[in-house]
Amino acid sequence: YIGDAIMSFWGAPLSQNEHAYNACITAIQMQKKLNENREKLRQDHGVIVNIGVGVHSGVVNVGNMGSESIFEYTVIGDHVNLASRLEGLTKYYGVGILTTRQTLESIKKTELQLPENSYRALDLVKVKGKKIAVELIELLSLDISGEVLNDFQKARELYTSKKWTDAIKAFEEVNKKIKIETHHEDGPTTTFIKRCHHFIENPPDENWDGSWEMTSK
């Protein structure tokens with residue numbers, strides 16, 4: 001436990017070949033269970049509960065760490081820090097779970113695979129303090145059809161091609177379709193529409209790589 005957060009890790013103390021898969025499936029199941037109980041929590045306690053989950057995979061330091069007063073078995077390292085940053089970015093994008101391309105590639109090397117249409121490539125981002133962009137992947141806890149997910153990627157292609165006006169129209173259409181399928185506003189499309197308006201007023205450099213630089217954690 002870290003304040004109001006929980007940090008979990010897989011692959012230690014016993015090795016797990018499917019550590020990335022297990023982490024992603026756990027995150028999806030957490031969000032689905034919360035979706036089922038959110039209304040009851042509101043009725044019983046008068047609060048609307050939302051959580052954000054960041055998942056990342058990589059080599060970290062693991063073991064008994066700390067001092068005589070605070071001592072625990074835990075993990076530390078750059079990949080742990082990135083997972084924490086991803087959790088913070090869920091609010092920015094209006095999503096429940098963010099992971100990385102690195103985690104997806106780790107899963108692809110194992111026998112267990114994520115269900116079809118359970119994720120979408122979201123964005124290319126330079127988190128605060130880092131110069132190398134990370135490809136963000138959203139893990140989905142609500143059902144979105146493959147057709148709509150493809151439409152989202154086409155809208156992203158317009159965005160990375162600097163066709164801002166066309167991208168805005170495409171993202172607006174995607175948002176309408178997602179609202180029909182999930183009965184919820186789609187945070188990422190809203191985020192990209194705002195970005196497009198920003199770039200119309202403040203065009204990126206000619207050598208723009210399609211990434212967005214975060215100025216806060």
# chains A, B, ... in the order shown; residues from 1 in each chain; ligands from 1

$ closest_atom_pairs --of "stretch 108-194 of chain A" --to "stretch 40-53 of chain A" --cutoff "12 Å" --atoms "only C-alpha atoms" --output "tab-separated table"
residue	atom	partner	partner_atom	distance
A:Ile137	CA	A:Val53	CA	11.9
A:Glu138	CA	A:Val53	CA	10.2
A:Leu139	CA	A:Val53	CA	9.6
A:Leu140	CA	A:Val53	CA	11.5
A:Ser141	CA	A:Val53	CA	11.6

$ residues_around --residues "A:Glu147" --least-positions-apart "4" --cutoff "12 Å" --atoms "only C-alpha atoms" --output "list in words"
Asn117, Arg120, Asp143, Asp151, Phe152, Gln153, Lys154, Val174, Lys177, Ile178 and Glu181 of chain A

$ write_last_selection --atoms "N, CA and C atoms" --output "PDB file, in the first residue's frame"
ATOM      1  N   ASN A 117      -9.916  -7.365 -29.302  1.00  0.00           N
ATOM      2  CA  ASN A 117     -10.556  -6.069 -29.046  1.00  0.00           C
ATOM      3  C   ASN A 117     -10.548  -5.682 -27.566  1.00  0.00           C
ATOM      4  N   ARG A 120      -6.381  -0.938 -27.235  1.00  0.00           N
ATOM      5  CA  ARG A 120      -6.154  -0.112 -28.423  1.00  0.00           C
ATOM      6  C   ARG A 120      -4.903   0.728 -28.231  1.00  0.00           C
ATOM      7  N   ASP A 143     -16.896  -2.938 -23.636  1.00  0.00           N
ATOM      8  CA  ASP A 143     -16.865  -3.549 -24.963  1.00  0.00           C
ATOM      9  C   ASP A 143     -16.969  -2.497 -26.063  1.00  0.00           C
ATOM     10  N   ASP A 151     -11.669   2.516 -36.641  1.00  0.00           N
ATOM     11  CA  ASP A 151     -11.971   3.914 -36.963  1.00  0.00           C
ATOM     12  C   ASP A 151     -11.130   4.853 -36.094  1.00  0.00           C
ATOM     13  N   PHE A 152     -10.923   4.468 -34.831  1.00  0.00           N
ATOM     14  CA  PHE A 152     -10.102   5.292 -33.942  1.00  0.00           C
ATOM     15  C   PHE A 152      -8.670   5.379 -34.466  1.00  0.00           C
ATOM     16  N   GLN A 153      -8.125   4.256 -34.932  1.00  0.00           N
ATOM     17  CA  GLN A 153      -6.757   4.262 -35.447  1.00  0.00           C
ATOM     18  C   GLN A 153      -6.650   5.083 -36.731  1.00  0.00           C
ATOM     19  N   LYS A 154      -7.683   5.063 -37.558  1.00  0.00           N
ATOM     20  CA  LYS A 154      -7.684   5.882 -38.768  1.00  0.00           C
ATOM     21  C   LYS A 154      -7.691   7.367 -38.409  1.00  0.00           C
ATOM     22  N   VAL A 174     -16.043   8.875 -34.068  1.00  0.00           N
ATOM     23  CA  VAL A 174     -15.674   7.753 -33.205  1.00  0.00           C
ATOM     24  C   VAL A 174     -16.314   7.908 -31.833  1.00  0.00           C
ATOM     25  N   LYS A 177     -19.939   6.879 -31.882  1.00  0.00           N
ATOM     26  CA  LYS A 177     -20.116   5.427 -31.961  1.00  0.00           C
ATOM     27  C   LYS A 177     -19.814   4.752 -30.620  1.00  0.00           C
ATOM     28  N   ILE A 178     -18.772   5.242 -29.939  1.00  0.00           N
ATOM     29  CA  ILE A 178     -18.423   4.652 -28.643  1.00  0.00           C
ATOM     30  C   ILE A 178     -19.497   4.938 -27.606  1.00  0.00           C
ATOM     31  N   GLU A 181     -22.150   2.410 -28.095  1.00  0.00           N
ATOM     32  CA  GLU A 181     -21.782   1.051 -27.692  1.00  0.00           C
ATOM     33  C   GLU A 181     -21.582   0.910 -26.183  1.00  0.00           C
TER      34      GLU A 181
END

$ closest_residue --among "A:Ala20, A:Leu82, A:Met65, A:Val127" --to "A:Ile107" --atoms "only C-alpha atoms"
A:Ala20

$ closest_residue --among "A:Leu158, A:Leu86, A:Leu14, A:Leu114" --to "A:Leu136" --atoms "only C-alpha atoms"
A:Leu86

$ residues_around --residues "A:Ala167" --least-positions-apart "4" --cutoff "10 Å" --atoms "only C-alpha atoms" --output "ChimeraX atom specification"
/A:152,154-163,171-173,189,192-193,196

$ write_last_selection --atoms "C-alpha atoms" --output "PDB file, in the first residue's frame"
ATOM      1  CA  PHE A 152     -10.102   5.292 -33.942  1.00  0.00           C
ATOM      2  CA  LYS A 154      -7.684   5.882 -38.768  1.00  0.00           C
ATOM      3  CA  ALA A 155      -8.463   9.099 -36.901  1.00  0.00           C
ATOM      4  CA  ARG A 156      -5.082   8.853 -35.196  1.00  0.00           C
ATOM      5  CA  GLU A 157      -3.405   8.510 -38.594  1.00  0.00           C
ATOM      6  CA  LEU A 158      -5.033  11.758 -39.690  1.00  0.00           C
ATOM      7  CA  TYR A 159      -3.772  13.329 -36.456  1.00  0.00           C
ATOM      8  CA  THR A 160      -0.161  12.177 -36.932  1.00  0.00           C
ATOM      9  CA  SER A 161      -0.356  13.325 -40.585  1.00  0.00           C
ATOM     10  CA  LYS A 162      -1.172  16.839 -39.286  1.00  0.00           C
ATOM     11  CA  LYS A 163      -4.597  16.827 -40.959  1.00  0.00           C
ATOM     12  CA  PHE A 171     -12.616  11.634 -33.713  1.00  0.00           C
ATOM     13  CA  GLU A 172     -16.071  13.180 -33.265  1.00  0.00           C
ATOM     14  CA  GLU A 173     -17.604  10.301 -35.257  1.00  0.00           C
ATOM     15  CA  THR A 189     -11.170  11.049 -28.535  1.00  0.00           C
ATOM     16  CA  PHE A 192      -7.271  14.269 -29.275  1.00  0.00           C
ATOM     17  CA  ILE A 193      -9.906  16.756 -30.419  1.00  0.00           C
ATOM     18  CA  CYS A 196      -6.012  19.110 -32.800  1.00  0.00           C
TER      19      CYS A 196
END

$ residues_around --residues "A:Ile28" --least-positions-apart "2" --cutoff "8 Å" --atoms "only C-alpha atoms" --output "VMD selection string"
chain A and resid 24 to 26 30 to 32 97 139 to 141

$ write_last_selection --atoms "N, CA and C atoms" --output "compact mmCIF listing (two decimals), in the first residue's frame"
# COMPACT_ATOMS: atom_id res chain seq x y z
N CYS A 24 -2.06 -7.55 -16.75
CA CYS A 24 -3.07 -6.88 -17.58
C CYS A 24 -4.46 -7.44 -17.31
N ILE A 25 -4.58 -8.77 -17.23
CA ILE A 25 -5.88 -9.38 -16.97
C ILE A 25 -6.41 -8.98 -15.60
N THR A 26 -5.52 -8.89 -14.61
CA THR A 26 -5.94 -8.46 -13.28
C THR A 26 -6.50 -7.04 -13.32
N MET A 30 -10.29 -5.96 -12.41
CA MET A 30 -10.56 -4.95 -11.37
C MET A 30 -11.56 -3.91 -11.87
N GLN A 31 -11.30 -3.40 -13.08
CA GLN A 31 -12.19 -2.38 -13.63
C GLN A 31 -13.59 -2.92 -13.92
N LYS A 32 -13.67 -4.14 -14.42
CA LYS A 32 -14.98 -4.72 -14.71
C LYS A 32 -15.78 -4.93 -13.42
N ILE A 97 -7.31 2.10 -17.60
CA ILE A 97 -6.05 1.36 -17.55
C ILE A 97 -5.14 1.79 -18.69
N LEU A 139 -5.99 -0.59 -22.05
CA LEU A 139 -6.68 -1.86 -21.86
C LEU A 139 -8.14 -1.56 -21.59
N LEU A 140 -9.04 -2.22 -22.31
CA LEU A 140 -10.45 -1.88 -22.27
C LEU A 140 -11.23 -2.76 -21.31
N SER A 141 -12.03 -2.14 -20.47
CA SER A 141 -12.92 -2.89 -19.58
C SER A 141 -14.37 -2.79 -20.05

$ select_by_dssp --residues "stretch 35-171 of chain A" --states "helix (DSSP H, G or I)" --output "PyMOL selection string"
chain A and resi 35-45+78-93+101-108+146-160+164-171

$ select_by_dssp --residues "stretch 15-148 of chain A" --states "strand (DSSP E or B)" --output "ChimeraX atom specification"
/A:53-54,61-66,71-76,97-100,119-126,134-139

$ residues_around --residues "A:Asn61" --least-positions-apart "5" --cutoff "8 Å" --atoms "only C-alpha atoms" --output "list in words"
Val75, Ile76 and Gly77 of chain A

$ write_last_selection --atoms "all heavy atoms" --output "mmCIF file, in the first residue's frame"
data_model
loop_
_atom_site.group_PDB
_atom_site.id
_atom_site.type_symbol
_atom_site.label_atom_id
_atom_site.label_comp_id
_atom_site.auth_asym_id
_atom_site.auth_seq_id
_atom_site.Cartn_x
_atom_site.Cartn_y
_atom_site.Cartn_z
ATOM 1 N N VAL A 75 9.725 -3.749 -5.139
ATOM 2 C CA VAL A 75 10.464 -3.530 -6.381
ATOM 3 C C VAL A 75 10.735 -2.033 -6.552
ATOM 4 O O VAL A 75 9.927 -1.195 -6.156
ATOM 5 C CB VAL A 75 9.682 -4.045 -7.608
ATOM 6 C CG1 VAL A 75 9.624 -5.559 -7.615
ATOM 7 C CG2 VAL A 75 8.282 -3.459 -7.671
ATOM 8 N N ILE A 76 11.879 -1.716 -7.134
ATOM 9 C CA ILE A 76 12.214 -0.334 -7.455
ATOM 10 C C ILE A 76 12.909 -0.308 -8.810
ATOM 11 O O ILE A 76 13.440 -1.311 -9.270
ATOM 12 C CB ILE A 76 13.126 0.319 -6.388
ATOM 13 C CG1 ILE A 76 14.452 -0.448 -6.264
ATOM 14 C CG2 ILE A 76 12.425 0.404 -5.047
ATOM 15 C CD1 ILE A 76 15.463 0.246 -5.357
ATOM 16 N N GLY A 77 12.889 0.860 -9.446
ATOM 17 C CA GLY A 77 13.569 1.000 -10.733
ATOM 18 C C GLY A 77 12.791 1.861 -11.707
ATOM 19 O O GLY A 77 11.652 2.271 -11.437
#

$ residues_around --residues "A:Lys128" --least-positions-apart "5" --cutoff "12 Å" --atoms "only C-alpha atoms" --output "list of chain:residue names"
A:Asn81, A:Leu82, A:Ser84, A:Arg85, A:Leu86, A:Gly88, A:Leu89, A:Ala133, A:Val134, A:Trp212, A:Glu213, A:Met214, A:Thr215, A:Ser216, A:Lys217

$ write_last_selection --atoms "all heavy atoms" --output "mmCIF file, in the first residue's frame"
data_model
loop_
_atom_site.group_PDB
_atom_site.id
_atom_site.type_symbol
_atom_site.label_atom_id
_atom_site.label_comp_id
_atom_site.auth_asym_id
_atom_site.auth_seq_id
_atom_site.Cartn_x
_atom_site.Cartn_y
_atom_site.Cartn_z
ATOM 1 N N ASN A 81 8.772 3.249 -11.898
ATOM 2 C CA ASN A 81 8.419 4.671 -11.976
ATOM 3 C C ASN A 81 7.499 4.943 -13.161
ATOM 4 O O ASN A 81 6.557 5.741 -13.059
ATOM 5 C CB ASN A 81 9.682 5.521 -12.099
ATOM 6 C CG ASN A 81 10.551 5.460 -10.862
ATOM 7 O OD1 ASN A 81 10.067 5.131 -9.782
ATOM 8 N ND2 ASN A 81 11.828 5.750 -10.999
ATOM 9 N N LEU A 82 7.781 4.287 -14.304
ATOM 10 C CA LEU A 82 6.938 4.500 -15.480
ATOM 11 C C LEU A 82 5.527 3.981 -15.244
ATOM 12 O O LEU A 82 4.552 4.619 -15.641
ATOM 13 C CB LEU A 82 7.551 3.821 -16.708
ATOM 14 C CG LEU A 82 6.765 3.978 -18.013
ATOM 15 C CD1 LEU A 82 6.467 5.436 -18.318
ATOM 16 C CD2 LEU A 82 7.525 3.331 -19.176
ATOM 17 N N SER A 84 3.980 3.968 -12.500
ATOM 18 C CA SER A 84 3.343 4.985 -11.664
ATOM 19 C C SER A 84 2.906 6.186 -12.499
ATOM 20 O O SER A 84 1.825 6.743 -12.295
ATOM 21 C CB SER A 84 4.307 5.426 -10.558
ATOM 22 O OG SER A 84 3.745 6.470 -9.792
ATOM 23 N N ARG A 85 3.750 6.583 -13.450
ATOM 24 C CA ARG A 85 3.394 7.700 -14.332
ATOM 25 C C ARG A 85 2.163 7.353 -15.170
ATOM 26 O O ARG A 85 1.309 8.207 -15.419
ATOM 27 C CB ARG A 85 4.570 8.047 -15.252
ATOM 28 C CG ARG A 85 5.828 8.504 -14.534
ATOM 29 C CD ARG A 85 5.684 9.894 -13.956
ATOM 30 N NE ARG A 85 6.868 10.284 -13.215
ATOM 31 C CZ ARG A 85 7.952 10.849 -13.749
ATOM 32 N NH1 ARG A 85 7.997 11.072 -15.062
ATOM 33 N NH2 ARG A 85 8.984 11.187 -13.003
ATOM 34 N N LEU A 86 2.099 6.109 -15.622
ATOM 35 C CA LEU A 86 0.951 5.680 -16.422
ATOM 36 C C LEU A 86 -0.340 5.786 -15.621
ATOM 37 O O LEU A 86 -1.371 6.212 -16.144
ATOM 38 C CB LEU A 86 1.146 4.229 -16.898
ATOM 39 C CG LEU A 86 2.316 3.960 -17.841
ATOM 40 C CD1 LEU A 86 2.368 2.477 -18.186
ATOM 41 C CD2 LEU A 86 2.217 4.796 -19.104
ATOM 42 N N GLY A 88 -0.973 7.868 -13.312
ATOM 43 C CA GLY A 88 -1.336 9.277 -13.266
ATOM 44 C C GLY A 88 -1.943 9.772 -14.572
ATOM 45 O O GLY A 88 -2.822 10.642 -14.573
ATOM 46 N N LEU A 89 -1.503 9.205 -15.702
ATOM 47 C CA LEU A 89 -1.990 9.647 -17.007
ATOM 48 C C LEU A 89 -3.400 9.151 -17.318
ATOM 49 O O LEU A 89 -4.033 9.641 -18.258
ATOM 50 C CB LEU A 89 -1.035 9.180 -18.111
ATOM 51 C CG LEU A 89 0.314 9.902 -18.195
ATOM 52 C CD1 LEU A 89 1.177 9.297 -19.296
ATOM 53 C CD2 LEU A 89 0.112 11.390 -18.444
ATOM 54 N N ALA A 133 10.047 8.804 -26.332
ATOM 55 C CA ALA A 133 8.590 8.630 -26.301
ATOM 56 C C ALA A 133 8.212 7.175 -26.029
ATOM 57 O O ALA A 133 8.905 6.246 -26.441
ATOM 58 C CB ALA A 133 7.988 9.085 -27.628
ATOM 59 N N VAL A 134 7.117 6.997 -25.315
ATOM 60 C CA VAL A 134 6.582 5.678 -24.984
ATOM 61 C C VAL A 134 5.230 5.529 -25.671
ATOM 62 O O VAL A 134 4.417 6.454 -25.653
ATOM 63 C CB VAL A 134 6.392 5.524 -23.456
ATOM 64 C CG1 VAL A 134 5.745 4.190 -23.129
ATOM 65 C CG2 VAL A 134 7.732 5.666 -22.742
ATOM 66 N N TRP A 212 3.509 13.489 -27.884
ATOM 67 C CA TRP A 212 3.036 14.593 -27.036
ATOM 68 C C TRP A 212 3.887 14.602 -25.778
ATOM 69 O O TRP A 212 4.065 13.565 -25.144
ATOM 70 C CB TRP A 212 1.565 14.408 -26.709
ATOM 71 C CG TRP A 212 0.996 15.494 -25.846
ATOM 72 C CD1 TRP A 212 0.807 15.465 -24.495
ATOM 73 C CD2 TRP A 212 0.531 16.776 -26.273
ATOM 74 N NE1 TRP A 212 0.242 16.633 -24.056
ATOM 75 C CE2 TRP A 212 0.066 17.468 -25.135
ATOM 76 C CE3 TRP A 212 0.463 17.410 -27.527
ATOM 77 C CZ2 TRP A 212 -0.460 18.752 -25.203
ATOM 78 C CZ3 TRP A 212 -0.057 18.691 -27.586
ATOM 79 C CH2 TRP A 212 -0.514 19.355 -26.445
ATOM 80 N N GLU A 213 4.409 15.750 -25.429
ATOM 81 C CA GLU A 213 5.272 15.845 -24.249
ATOM 82 C C GLU A 213 4.468 16.294 -23.027
ATOM 83 O O GLU A 213 3.829 17.351 -23.051
ATOM 84 C CB GLU A 213 6.426 16.814 -24.507
ATOM 85 C CG GLU A 213 7.452 16.831 -23.406
ATOM 86 C CD GLU A 213 8.714 17.595 -23.779
ATOM 87 O OE1 GLU A 213 8.847 17.985 -24.951
ATOM 88 O OE2 GLU A 213 9.572 17.764 -22.892
ATOM 89 N N MET A 214 4.502 15.472 -21.987
ATOM 90 C CA MET A 214 3.794 15.812 -20.756
ATOM 91 C C MET A 214 4.655 16.758 -19.915
ATOM 92 O O MET A 214 5.854 16.531 -19.762
ATOM 93 C CB MET A 214 3.501 14.542 -19.946
ATOM 94 C CG MET A 214 2.505 13.619 -20.613
ATOM 95 S SD MET A 214 0.873 14.380 -20.685
ATOM 96 C CE MET A 214 -0.018 13.161 -21.674
ATOM 97 N N THR A 215 4.015 17.778 -19.374
ATOM 98 C CA THR A 215 4.745 18.766 -18.567
ATOM 99 C C THR A 215 4.538 18.539 -17.078
ATOM 100 O O THR A 215 5.107 19.229 -16.252
ATOM 101 C CB THR A 215 4.304 20.182 -18.934
ATOM 102 O OG1 THR A 215 2.879 20.291 -18.770
ATOM 103 C CG2 THR A 215 4.660 20.495 -20.384
ATOM 104 N N SER A 216 3.693 17.559 -16.726
ATOM 105 C CA SER A 216 3.465 17.248 -15.318
ATOM 106 C C SER A 216 3.362 15.739 -15.151
ATOM 107 O O SER A 216 3.154 15.010 -16.120
ATOM 108 C CB SER A 216 2.186 17.910 -14.799
ATOM 109 O OG SER A 216 1.065 17.463 -15.539
ATOM 110 N N LYS A 217 3.486 15.252 -13.903
ATOM 111 C CA LYS A 217 3.438 13.818 -13.641
ATOM 112 C C LYS A 217 2.006 13.328 -13.672
ATOM 113 O O LYS A 217 1.083 14.046 -13.344
ATOM 114 C CB LYS A 217 4.066 13.511 -12.265
ATOM 115 C CG LYS A 217 5.552 13.799 -12.215
ATOM 116 C CD LYS A 217 6.116 13.398 -10.862
ATOM 117 C CE LYS A 217 7.601 13.671 -10.791
ATOM 118 N NZ LYS A 217 8.183 13.301 -9.479
#

$ atom_distance --atom1 "atom CA of A:Glu36" --atom2 "atom CA of A:Lys176"
23.3 Å

$ atom_distance --atom1 "atom CA of A:Tyr93" --atom2 "atom CA of A:Gln29"
19.9 Å

$ atom_distance --atom1 "atom CA of A:Ile168" --atom2 "atom CA of A:Tyr92"
18.4 Å
